[in-house]
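Undergrad: Handing over my_file_9.pdb, PDB, C-alpha atoms.
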ATOM      1  CA  MET A  87      -0.148  -5.581  24.667  1.00  0.00           C
ATOM      2  CA  SER A  88      -3.410  -6.286  26.435  1.00  0.00           C
ATOM      3  CA  ALA A  89      -3.470  -9.210  28.813  1.00  0.00           C
ATOM      4  CA  PRO A  90      -5.205 -12.329  27.493  1.00  0.00           C
ATOM      5  CA  GLY A  91      -7.665 -12.000  30.359  1.00  0.00           C
ATOM      6  CA  SER A  92      -9.214  -8.831  28.929  1.00  0.00           C
ATOM      7  CA  ALA A  93      -9.599 -10.376  25.460  1.00  0.00           C
ATOM      8  CA  VAL A  94     -11.226 -13.462  26.978  1.00  0.00           C
ATOM      9  CA  ARG A  95     -13.677 -11.330  28.974  1.00  0.00           C
ATOM     10  CA  GLN A  96     -14.512  -9.263  25.903  1.00  0.00           C
ATOM     11  CA  ARG A  97     -15.337 -11.952  23.340  1.00  0.00           C
ATOM     12  CA  GLY A  98     -15.477 -15.176  25.300  1.00  0.00           C
ATOM     13  CA  LEU A  99     -13.015 -17.985  25.822  1.00  0.00           C
ATOM     14  CA  ALA A 100     -14.076 -19.832  22.651  1.00  0.00           C
ATOM     15  CA  GLY A 101     -13.427 -16.848  20.349  1.00  0.00           C
ATOM     16  CA  TRP A 102     -10.058 -16.168  21.952  1.00  0.00           C
ATOM     17  CA  LEU A 103      -8.935 -19.807  21.924  1.00  0.00           C
ATOM     18  CA  LEU A 104     -10.219 -20.615  18.406  1.00  0.00           C
ATOM     19  CA  GLN A 105      -8.311 -17.603  17.040  1.00  0.00           C
ATOM     20  CA  ARG A 106      -5.103 -19.132  18.404  1.00  0.00           C
ATOM     21  CA  VAL A 107      -5.906 -22.677  17.262  1.00  0.00           C
ATOM     22  CA  SER A 108      -6.889 -21.540  13.747  1.00  0.00           C
ATOM     23  CA  GLY A 109      -3.888 -19.177  13.651  1.00  0.00           C
ATOM     24  CA  LEU A 110      -1.486 -21.984  14.528  1.00  0.00           C
ATOM     25  CA  PHE A 111      -2.937 -24.139  11.751  1.00  0.00           C
ATOM     26  CA  LEU A 112      -2.848 -21.217   9.295  1.00  0.00           C
ATOM     27  CA  ALA A 113       0.835 -20.549  10.013  1.00  0.00           C
ATOM     28  CA  TYR A 114       1.467 -24.084   8.711  1.00  0.00           C
ATOM     29  CA  ALA A 115      -1.174 -24.025   5.944  1.00  0.00           C
ATOM     30  CA  LEU A 116      -0.036 -20.656   4.537  1.00  0.00           C
ATOM     31  CA  ALA A 117       3.597 -21.764   4.524  1.00  0.00           C
ATOM     32  CA  VAL A 118       2.505 -24.773   2.413  1.00  0.00           C
ATOM     33  CA  HIS A 119       0.278 -22.530   0.252  1.00  0.00           C
ATOM     34  CA  LEU A 120       2.923 -19.890  -0.482  1.00  0.00           C
ATOM     35  CA  TRP A 121       5.680 -22.463  -1.021  1.00  0.00           C
ATOM     36  CA  THR A 122       3.487 -24.437  -3.440  1.00  0.00           C
ATOM     37  CA  VAL A 123       2.236 -21.431  -5.396  1.00  0.00           C
ATOM     38  CA  HIS A 124       5.456 -19.397  -5.534  1.00  0.00           C
ATOM     39  CA  VAL A 125       8.178 -22.075  -5.533  1.00  0.00           C
ATOM     40  CA  VAL A 126       6.850 -25.489  -6.656  1.00  0.00           C
ATOM     41  CA  ASN A 127       4.487 -24.094  -9.304  1.00  0.00           C
ATOM     42  CA  ILE A 128       6.563 -21.020 -10.135  1.00  0.00           C
ATOM     43  CA  ASP A 129       5.619 -19.524 -13.540  1.00  0.00           C
ATOM     44  CA  GLN A 130       3.134 -22.378 -14.126  1.00  0.00           C
ATOM     45  CA  LEU A 131       0.008 -21.338 -12.284  1.00  0.00           C
ATOM     46  CA  THR A 132      -2.487 -22.733 -14.766  1.00  0.00           C
ATOM     47  CA  TRP A 133      -5.590 -24.909 -14.717  1.00  0.00           C
ATOM     48  CA  GLN A 134      -3.493 -27.855 -15.894  1.00  0.00           C
ATOM     49  CA  THR A 135      -0.818 -27.760 -13.181  1.00  0.00           C
ATOM     50  CA  ILE A 136      -3.266 -26.857 -10.404  1.00  0.00           C
ATOM     51  CA  THR A 137      -5.852 -29.549 -11.238  1.00  0.00           C
ATOM     52  CA  ALA A 138      -3.055 -32.108 -11.696  1.00  0.00           C
ATOM     53  CA  ARG A 139      -1.749 -31.305  -8.212  1.00  0.00           C
ATOM     54  CA  LEU A 140      -5.149 -31.176  -6.510  1.00  0.00           C
ATOM     55  CA  GLN A 141      -6.224 -34.475  -8.093  1.00  0.00           C
ATOM     56  CA  ASP A 142      -2.948 -36.370  -7.583  1.00  0.00           C
ATOM     57  CA  GLY A 143      -4.520 -38.735  -5.046  1.00  0.00           C
ATOM     58  CA  SER A 144      -2.771 -37.179  -2.024  1.00  0.00           C
ATOM     59  CA  ALA A 145      -4.336 -35.166   0.787  1.00  0.00           C
ATOM     60  CA  TRP A 146      -4.890 -31.858  -1.062  1.00  0.00           C
ATOM     61  CA  THR A 147      -8.686 -32.133  -0.788  1.00  0.00           C
ATOM     62  CA  ILE A 148      -8.442 -32.582   2.984  1.00  0.00           C
ATOM     63  CA  TYR A 149      -5.921 -29.726   3.128  1.00  0.00           C
ATOM     64  CA  TYR A 150      -8.261 -27.285   1.345  1.00  0.00           C
ATOM     65  CA  LEU A 151     -11.343 -28.448   3.275  1.00  0.00           C
ATOM     66  CA  LEU A 152      -9.455 -27.399   6.448  1.00  0.00           C
ATOM     67  CA  PHE A 153      -7.596 -24.389   5.012  1.00  0.00           C
ATOM     68  CA  VAL A 154     -10.573 -22.514   3.545  1.00  0.00           C
ATOM     69  CA  PRO A 155     -12.830 -22.695   6.658  1.00  0.00           C
ATOM     70  CA  ALA A 156      -9.838 -21.886   8.906  1.00  0.00           C
ATOM     71  CA  VAL A 157      -8.867 -18.773   6.945  1.00  0.00           C
ATOM     72  CA  VAL A 158     -12.469 -17.514   6.654  1.00  0.00           C
ATOM     73  CA  PHE A 159     -13.101 -18.075  10.362  1.00  0.00           C
ATOM     74  CA  HIS A 160      -9.783 -16.481  11.407  1.00  0.00           C
ATOM     75  CA  ALA A 161     -10.464 -13.398   9.256  1.00  0.00           C
ATOM     76  CA  ALA A 162     -14.057 -12.966  10.487  1.00  0.00           C
ATOM     77  CA  ASN A 163     -13.163 -13.608  14.126  1.00  0.00           C
ATOM     78  CA  GLY A 164     -10.244 -11.166  13.852  1.00  0.00           C
ATOM     79  CA  LEU A 165     -12.457  -8.458  12.339  1.00  0.00           C
ATOM     80  CA  TRP A 166     -15.024  -9.164  15.079  1.00  0.00           C
ATOM     81  CA  ALA A 167     -12.320  -8.499  17.689  1.00  0.00           C
ATOM     82  CA  VAL A 168     -11.602  -5.168  15.972  1.00  0.00           C
ATOM     83  CA  VAL A 169     -15.327  -4.290  16.108  1.00  0.00           C
ATOM     84  CA  LEU A 170     -15.519  -5.165  19.818  1.00  0.00           C
ATOM     85  CA  ASP A 171     -12.435  -3.039  20.549  1.00  0.00           C
ATOM     86  CA  TYR A 172     -14.455   0.027  19.522  1.00  0.00           C
ATOM     87  CA  ALA A 173     -17.241  -0.921  21.984  1.00  0.00           C
ATOM     88  CA  PRO A 174     -20.254  -0.375  19.682  1.00  0.00           C
ATOM     89  CA  GLY A 175     -23.704   0.016  21.221  1.00  0.00           C
ATOM     90  CA  PRO A 176     -25.979  -3.070  21.355  1.00  0.00           C
ATOM     91  CA  GLY A 177     -27.841  -2.311  18.102  1.00  0.00           C
ATOM     92  CA  LEU A 178     -24.733  -1.577  16.063  1.00  0.00           C
ATOM     93  CA  ARG A 179     -22.956  -4.545  17.623  1.00  0.00           C
ATOM     94  CA  ARG A 180     -25.798  -6.898  16.625  1.00  0.00           C
ATOM     95  CA  GLY A 181     -25.989  -5.458  13.088  1.00  0.00           C
ATOM     96  CA  LEU A 182     -22.239  -5.640  12.492  1.00  0.00           C
ATOM     97  CA  GLY A 183     -22.150  -9.146  13.983  1.00  0.00           C
ATOM     98  CA  TRP A 184     -24.834 -10.447  11.621  1.00  0.00           C
ATOM     99  CA  ALA A 185     -23.255  -8.706   8.614  1.00  0.00           C
ATOM    100  CA  LEU A 186     -19.796 -10.033   9.440  1.00  0.00           C
ATOM    101  CA  TRP A 187     -20.727 -13.649  10.156  1.00  0.00           C
ATOM    102  CA  LEU A 188     -23.267 -13.907   7.311  1.00  0.00           C
ATOM    103  CA  GLY A 189     -20.614 -12.437   4.991  1.00  0.00           C
ATOM    104  CA  ALA A 190     -18.123 -15.002   6.255  1.00  0.00           C
ATOM    105  CA  LEU A 191     -20.611 -17.831   5.668  1.00  0.00           C
ATOM    106  CA  ALA A 192     -21.258 -16.560   2.122  1.00  0.00           C
ATOM    107  CA  LEU A 193     -17.497 -16.363   1.447  1.00  0.00           C
ATOM    108  CA  LEU A 194     -17.043 -19.909   2.782  1.00  0.00           C
ATOM    109  CA  VAL A 195     -19.802 -21.288   0.527  1.00  0.00           C
ATOM    110  CA  TYR A 196     -18.440 -19.317  -2.449  1.00  0.00           C
ATOM    111  CA  GLY A 197     -14.904 -20.582  -1.739  1.00  0.00           C
ATOM    112  CA  TYR A 198     -16.115 -24.177  -1.588  1.00  0.00           C
ATOM    113  CA  PHE A 199     -17.947 -23.971  -4.902  1.00  0.00           C
ATOM    114  CA  GLY A 200     -14.989 -22.128  -6.457  1.00  0.00           C
ATOM    115  CA  LEU A 201     -12.630 -24.952  -5.461  1.00  0.00           C
ATOM    116  CA  ARG A 202     -14.857 -27.868  -6.516  1.00  0.00           C
ATOM    117  CA  PRO A 203     -13.954 -27.714 -10.246  1.00  0.00           C
ATOM    118  CA  LEU A 204     -10.230 -27.634  -9.383  1.00  0.00           C
ATOM    119  CA  LEU A 205     -10.681 -30.664  -7.125  1.00  0.00           C
ATOM    120  CA  GLY A 206     -12.354 -32.489 -10.012  1.00  0.00           C
ATOM    121  CA  GLN A 207     -15.773 -32.536  -8.400  1.00  0.00           C
ATOM    122  CA  GLY A 208     -17.692 -30.817 -11.205  1.00  0.00           C
ATOM    123  CA  ALA A 209     -18.589 -27.163 -11.615  1.00  0.00           C
TER     124      ALA A 209
ATOM    125  CA  MET B  97      -3.625  17.865  16.596  1.00  0.00           C
ATOM    126  CA  THR B  98      -7.081  17.535  15.127  1.00  0.00           C
ATOM    127  CA  ALA B  99      -9.728  15.564  16.951  1.00  0.00           C
ATOM    128  CA  LEU B 100      -9.508  12.742  14.386  1.00  0.00           C
ATOM    129  CA  ALA B 101      -5.728  12.508  14.645  1.00  0.00           C
ATOM    130  CA  ALA B 102      -5.984  12.496  18.432  1.00  0.00           C
ATOM    131  CA  TYR B 103      -8.612   9.741  18.290  1.00  0.00           C
ATOM    132  CA  LEU B 104      -6.524   7.618  15.923  1.00  0.00           C
ATOM    133  CA  ARG B 105      -3.448   8.156  18.053  1.00  0.00           C
ATOM    134  CA  ARG B 106      -5.318   7.139  21.220  1.00  0.00           C
ATOM    135  CA  THR B 107      -6.940   4.046  19.697  1.00  0.00           C
ATOM    136  CA  LEU B 108      -4.101   2.878  17.449  1.00  0.00           C
ATOM    137  CA  LEU B 109      -0.798   3.927  18.999  1.00  0.00           C
ATOM    138  CA  PRO B 110      -1.191   5.583  22.413  1.00  0.00           C
ATOM    139  CA  GLN B 111       2.525   5.166  23.143  1.00  0.00           C
ATOM    140  CA  VAL B 112       5.360   4.306  20.798  1.00  0.00           C
ATOM    141  CA  ASN B 113       6.909   1.176  22.229  1.00  0.00           C
ATOM    142  CA  VAL B 114       7.663  -2.318  20.929  1.00  0.00           C
ATOM    143  CA  GLY B 115       4.454  -3.873  22.282  1.00  0.00           C
ATOM    144  CA  ASN B 116       2.161  -1.194  20.848  1.00  0.00           C
ATOM    145  CA  VAL B 117       3.901  -1.102  17.465  1.00  0.00           C
ATOM    146  CA  ALA B 118       3.696  -4.921  17.247  1.00  0.00           C
ATOM    147  CA  TRP B 119      -0.013  -4.787  18.146  1.00  0.00           C
ATOM    148  CA  LEU B 120      -0.701  -2.081  15.522  1.00  0.00           C
ATOM    149  CA  MET B 121       1.263  -3.905  12.800  1.00  0.00           C
ATOM    150  CA  HIS B 122      -0.604  -7.127  13.623  1.00  0.00           C
ATOM    151  CA  ARG B 123      -3.947  -5.341  13.373  1.00  0.00           C
ATOM    152  CA  LEU B 124      -3.131  -3.504  10.116  1.00  0.00           C
ATOM    153  CA  THR B 125      -1.718  -6.635   8.436  1.00  0.00           C
ATOM    154  CA  GLY B 126      -4.700  -8.659   9.714  1.00  0.00           C
ATOM    155  CA  VAL B 127      -7.294  -6.261   8.314  1.00  0.00           C
ATOM    156  CA  ALA B 128      -5.353  -6.045   5.033  1.00  0.00           C
ATOM    157  CA  LEU B 129      -5.266  -9.852   4.729  1.00  0.00           C
ATOM    158  CA  ALA B 130      -8.989 -10.136   5.544  1.00  0.00           C
ATOM    159  CA  VAL B 131      -9.770  -7.606   2.792  1.00  0.00           C
ATOM    160  CA  TYR B 132      -7.410  -9.415   0.392  1.00  0.00           C
ATOM    161  CA  LEU B 133      -9.397 -12.653   0.864  1.00  0.00           C
ATOM    162  CA  LEU B 134     -12.322 -11.237  -1.146  1.00  0.00           C
ATOM    163  CA  PRO B 135     -10.537 -10.609  -4.495  1.00  0.00           C
ATOM    164  CA  HIS B 136      -8.472 -13.779  -3.949  1.00  0.00           C
ATOM    165  CA  PHE B 137     -11.563 -15.963  -3.539  1.00  0.00           C
ATOM    166  CA  LEU B 138     -13.244 -14.212  -6.484  1.00  0.00           C
ATOM    167  CA  SER B 139     -10.325 -14.958  -8.837  1.00  0.00           C
ATOM    168  CA  ILE B 140     -10.131 -18.615  -7.748  1.00  0.00           C
ATOM    169  CA  GLY B 141     -13.925 -18.737  -8.191  1.00  0.00           C
ATOM    170  CA  SER B 142     -13.365 -18.133 -11.920  1.00  0.00           C
ATOM    171  CA  ALA B 143     -12.651 -21.903 -12.004  1.00  0.00           C
ATOM    172  CA  ARG B 144     -16.417 -22.329 -12.205  1.00  0.00           C
ATOM    173  CA  GLY B 145     -16.162 -20.918 -15.748  1.00  0.00           C
ATOM    174  CA  GLY B 146     -13.820 -23.711 -16.842  1.00  0.00           C
ATOM    175  CA  PRO B 147     -10.114 -23.895 -17.836  1.00  0.00           C
ATOM    176  CA  ALA B 148     -10.098 -20.982 -20.308  1.00  0.00           C
ATOM    177  CA  ALA B 149     -11.778 -18.550 -17.914  1.00  0.00           C
ATOM    178  CA  PHE B 150      -9.515 -19.655 -15.052  1.00  0.00           C
ATOM    179  CA  ASP B 151      -6.289 -19.374 -17.061  1.00  0.00           C
ATOM    180  CA  SER B 152      -7.144 -15.941 -18.458  1.00  0.00           C
ATOM    181  CA  GLU B 153      -7.959 -14.764 -14.914  1.00  0.00           C
ATOM    182  CA  LEU B 154      -4.657 -16.072 -13.513  1.00  0.00           C
ATOM    183  CA  ALA B 155      -2.691 -14.654 -16.465  1.00  0.00           C
ATOM    184  CA  VAL B 156      -3.656 -11.163 -15.281  1.00  0.00           C
ATOM    185  CA  TYR B 157      -1.495 -11.651 -12.185  1.00  0.00           C
ATOM    186  CA  THR B 158       1.707 -12.330 -14.117  1.00  0.00           C
ATOM    187  CA  ALA B 159       2.038  -8.563 -14.767  1.00  0.00           C
ATOM    188  CA  PRO B 160       4.983  -6.933 -12.925  1.00  0.00           C
ATOM    189  CA  VAL B 161       2.682  -4.743 -10.811  1.00  0.00           C
ATOM    190  CA  PHE B 162       1.076  -7.897  -9.371  1.00  0.00           C
ATOM    191  CA  LYS B 163       4.503  -9.493  -8.831  1.00  0.00           C
ATOM    192  CA  VAL B 164       5.398  -6.459  -6.700  1.00  0.00           C
ATOM    193  CA  ALA B 165       2.076  -6.814  -4.853  1.00  0.00           C
ATOM    194  CA  GLU B 166       2.638 -10.552  -4.289  1.00  0.00           C
ATOM    195  CA  PHE B 167       6.141  -9.879  -2.970  1.00  0.00           C
ATOM    196  CA  LEU B 168       4.774  -7.341  -0.479  1.00  0.00           C
ATOM    197  CA  LEU B 169       1.924  -9.732   0.363  1.00  0.00           C
ATOM    198  CA  ILE B 170       4.463 -12.373   1.384  1.00  0.00           C
ATOM    199  CA  GLY B 171       5.958  -9.845   3.815  1.00  0.00           C
ATOM    200  CA  VAL B 172       2.510  -9.054   5.222  1.00  0.00           C
ATOM    201  CA  VAL B 173       1.692 -12.762   5.663  1.00  0.00           C
ATOM    202  CA  ALA B 174       5.132 -13.452   7.172  1.00  0.00           C
ATOM    203  CA  PHE B 175       4.770 -10.688   9.750  1.00  0.00           C
ATOM    204  CA  HIS B 176       1.204 -11.660  10.702  1.00  0.00           C
ATOM    205  CA  ALA B 177       2.154 -15.350  10.980  1.00  0.00           C
ATOM    206  CA  PHE B 178       5.405 -14.894  12.931  1.00  0.00           C
ATOM    207  CA  ASN B 179       3.917 -12.238  15.203  1.00  0.00           C
ATOM    208  CA  GLY B 180       0.851 -14.445  15.705  1.00  0.00           C
ATOM    209  CA  LEU B 181       3.182 -17.197  16.911  1.00  0.00           C
ATOM    210  CA  ARG B 182       4.766 -14.604  19.211  1.00  0.00           C
ATOM    211  CA  VAL B 183       1.330 -13.739  20.662  1.00  0.00           C
ATOM    212  CA  ILE B 184       0.579 -17.441  21.192  1.00  0.00           C
ATOM    213  CA  ALA B 185       3.973 -17.965  22.852  1.00  0.00           C
ATOM    214  CA  VAL B 186       3.421 -14.981  25.150  1.00  0.00           C
ATOM    215  CA  ASP B 187      -0.145 -16.090  26.016  1.00  0.00           C
ATOM    216  CA  PHE B 188       0.482 -19.779  26.631  1.00  0.00           C
ATOM    217  CA  PHE B 189       4.040 -19.857  27.969  1.00  0.00           C
ATOM    218  CA  ALA B 190       3.956 -16.740  30.187  1.00  0.00           C
ATOM    219  CA  LEU B 191       6.636 -15.037  28.079  1.00  0.00           C
ATOM    220  CA  SER B 192       5.437 -11.441  28.369  1.00  0.00           C
ATOM    221  CA  HIS B 193       8.786 -10.494  29.930  1.00  0.00           C
ATOM    222  CA  ARG B 194      10.419 -11.713  26.682  1.00  0.00           C
ATOM    223  CA  GLN B 195       7.975 -10.028  24.279  1.00  0.00           C
ATOM    224  CA  LYS B 196      10.478  -7.409  23.047  1.00  0.00           C
ATOM    225  CA  LEU B 197      13.141 -10.010  22.255  1.00  0.00           C
ATOM    226  CA  LEU B 198      10.456 -12.128  20.549  1.00  0.00           C
ATOM    227  CA  PHE B 199       9.415  -9.105  18.451  1.00  0.00           C
ATOM    228  CA  TRP B 200      12.956  -8.661  17.145  1.00  0.00           C
ATOM    229  CA  LEU B 201      13.100 -12.395  16.373  1.00  0.00           C
ATOM    230  CA  VAL B 202       9.838 -11.952  14.429  1.00  0.00           C
ATOM    231  CA  MET B 203      11.374  -9.068  12.466  1.00  0.00           C
ATOM    232  CA  ALA B 204      14.537 -11.093  11.776  1.00  0.00           C
ATOM    233  CA  ALA B 205      12.419 -14.004  10.499  1.00  0.00           C
ATOM    234  CA  CYS B 206      10.501 -11.591   8.239  1.00  0.00           C
ATOM    235  CA  VAL B 207      13.733 -10.170   6.829  1.00  0.00           C
ATOM    236  CA  ALA B 208      14.971 -13.725   6.148  1.00  0.00           C
ATOM    237  CA  VAL B 209      11.731 -14.668   4.360  1.00  0.00           C
ATOM    238  CA  MET B 210      11.765 -11.466   2.293  1.00  0.00           C
ATOM    239  CA  ALA B 211      15.436 -11.960   1.368  1.00  0.00           C
ATOM    240  CA  ALA B 212      14.668 -15.491   0.162  1.00  0.00           C
ATOM    241  CA  ALA B 213      11.522 -14.322  -1.654  1.00  0.00           C
ATOM    242  CA  SER B 214      13.444 -11.499  -3.353  1.00  0.00           C
ATOM    243  CA  LEU B 215      15.576 -14.125  -5.132  1.00  0.00           C
ATOM    244  CA  LEU B 216      12.397 -15.377  -6.823  1.00  0.00           C
ATOM    245  CA  PHE B 217      10.550 -12.102  -7.254  1.00  0.00           C
ATOM    246  CA  VAL B 218      13.115  -9.423  -8.142  1.00  0.00           C
ATOM    247  CA  PRO B 219      14.204 -11.071 -11.443  1.00  0.00           C
ATOM    248  CA  ARG B 220      10.532 -11.539 -12.418  1.00  0.00           C
ATOM    249  CA  ILE B 221       9.694  -7.938 -11.581  1.00  0.00           C
ATOM    250  CA  LEU B 222      12.689  -6.551 -13.506  1.00  0.00           C
ATOM    251  CA  ALA B 223      12.430  -8.893 -16.508  1.00  0.00           C
ATOM    252  CA  PRO B 224       8.852 -10.171 -16.862  1.00  0.00           C
ATOM    253  CA  ALA B 225       8.341 -13.281 -19.015  1.00  0.00           C
TER     254      ALA B 225
END
Since I need it in another form, could you write the structure as structure tokens?
TA:
Amino acid sequence: MSAPGSAVRQRGLAGWLLQRVSGLFLAYALAVHLWTVHVVNIDQLTWQTITARLQDGSAWTIYYLLFVPAVVFHAANGLWAVVLDYAPGPGLRRGLGWALWLGALALLVYGYFGLRPLLGQGA
Amino acid sequence: MTALAAYLRRTLLPQVNVGNVAWLMHRLTGVALAVYLLPHFLSIGSARGGPAAFDSELAVYTAPVFKVAEFLLIGVVAFHAFNGLRVIAVDFFALSHRQKLLFWLVMAACVAVMAAASLLFVPRILAPA
């Protein structure tokens, strides 16, 4: 395993630290997600059960507004670390960086608008 | 060994030891999960088409082949999550001298999760509703 120092030098302290912070949150959020989908709602993954849960007045909206950005960021930042490991030249690095982070932004926006109807906020 | 195989060996698994195997498994599961996000977001996005479109999309995934895939996905998530906690523990609590023990704890936790998940998934794979 590479020392944290090398990863910090390569992609900056913020990228290294945010990967750990988002990862810690995702370990919790994915446990909730998988438990809810595969145990609580087992065999009843339908519009009715999902909208009833998401609109039950508890913190599900807050949960998803944290979960979706965290998972998109963690995935993009992780893929960016893979790119940097292969030490691309400056042009390729810039191109891949733009493609990756613009793609992540598009996925985040798409995810938000995909969730809105389930949260009862209109299509 | 061909040049490609040598390159992959050098960049992915230069030496077979616990630390390298853990790193490679973390990377492969991470890339797989990042790729999985796309179809997952697209199917949830069918909610924009209303209840009927959403339910017919989700009904696709009740097929046994997707139950098998979901079962394996839980293993992939479990490994990436538990090993991610191992990386955080090693980074923040100076536990690199315990990284091998921590890896085997990660694997034990994964086996426990998969054993529990198999109780839910195996009957549904063998006798779909």
Undergrad: Given the file shown, enumerate the residues that the ChimeraX specification (/A :<6) & /B captures and present them as a PDB file with C-alpha atoms, keeping the file's coordinate frame.
TA:
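Result file is expr.pdb:
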ATOM      1  CA  GLY B 115       4.454  -3.873  22.282  1.00  0.00           C
ATOM      2  CA  ALA B 130      -8.989 -10.136   5.544  1.00  0.00           C
ATOM      3  CA  PHE B 137     -11.563 -15.963  -3.539  1.00  0.00           C
ATOM      4  CA  GLY B 141     -13.925 -18.737  -8.191  1.00  0.00           C
ATOM      5  CA  ARG B 144     -16.417 -22.329 -12.205  1.00  0.00           C
ATOM      6  CA  PRO B 147     -10.114 -23.895 -17.836  1.00  0.00           C
ATOM      7  CA  ASP B 151      -6.289 -19.374 -17.061  1.00  0.00           C
ATOM      8  CA  ALA B 177       2.154 -15.350  10.980  1.00  0.00           C
TER       9      ALA B 177
END
Undergrad: So which one's closest to Val202 (chain B), B:Leu124, B:Ile140, B:Val164, B:Ala118? Using only C-alpha atoms, please.
TA: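 Of B:Leu124, B:Ile140, B:Val164, B:Ala118, the one nearest Val202 (chain B), counting only C-alpha atoms, is B:Ala118.
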Undergrad: Starting from the shown file, work through the PyMOL selection byres ((chain B and resi 107-113) around 12) and note down what comes out as a count of residues only.
TA: 26
Undergrad: Restricting the calculation to only C-alpha atoms: of A:His119, A:Asn163, A:Pro155, A:Arg180, which residue gets closest to Val195 (chain A)?
TA: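 Among A:His119, A:Asn163, A:Pro155, A:Arg180, it is A:Pro155 that comes nearest to Val195 (chain A).
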Undergrad: Just how far from CA of Ala208 (chain B) is CA of Phe162 (chain B), in Å to one decimal?
TA: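 We find that CA of Phe162 (chain B) and CA of Ala208 (chain B) lie 21.6 Å from each other.
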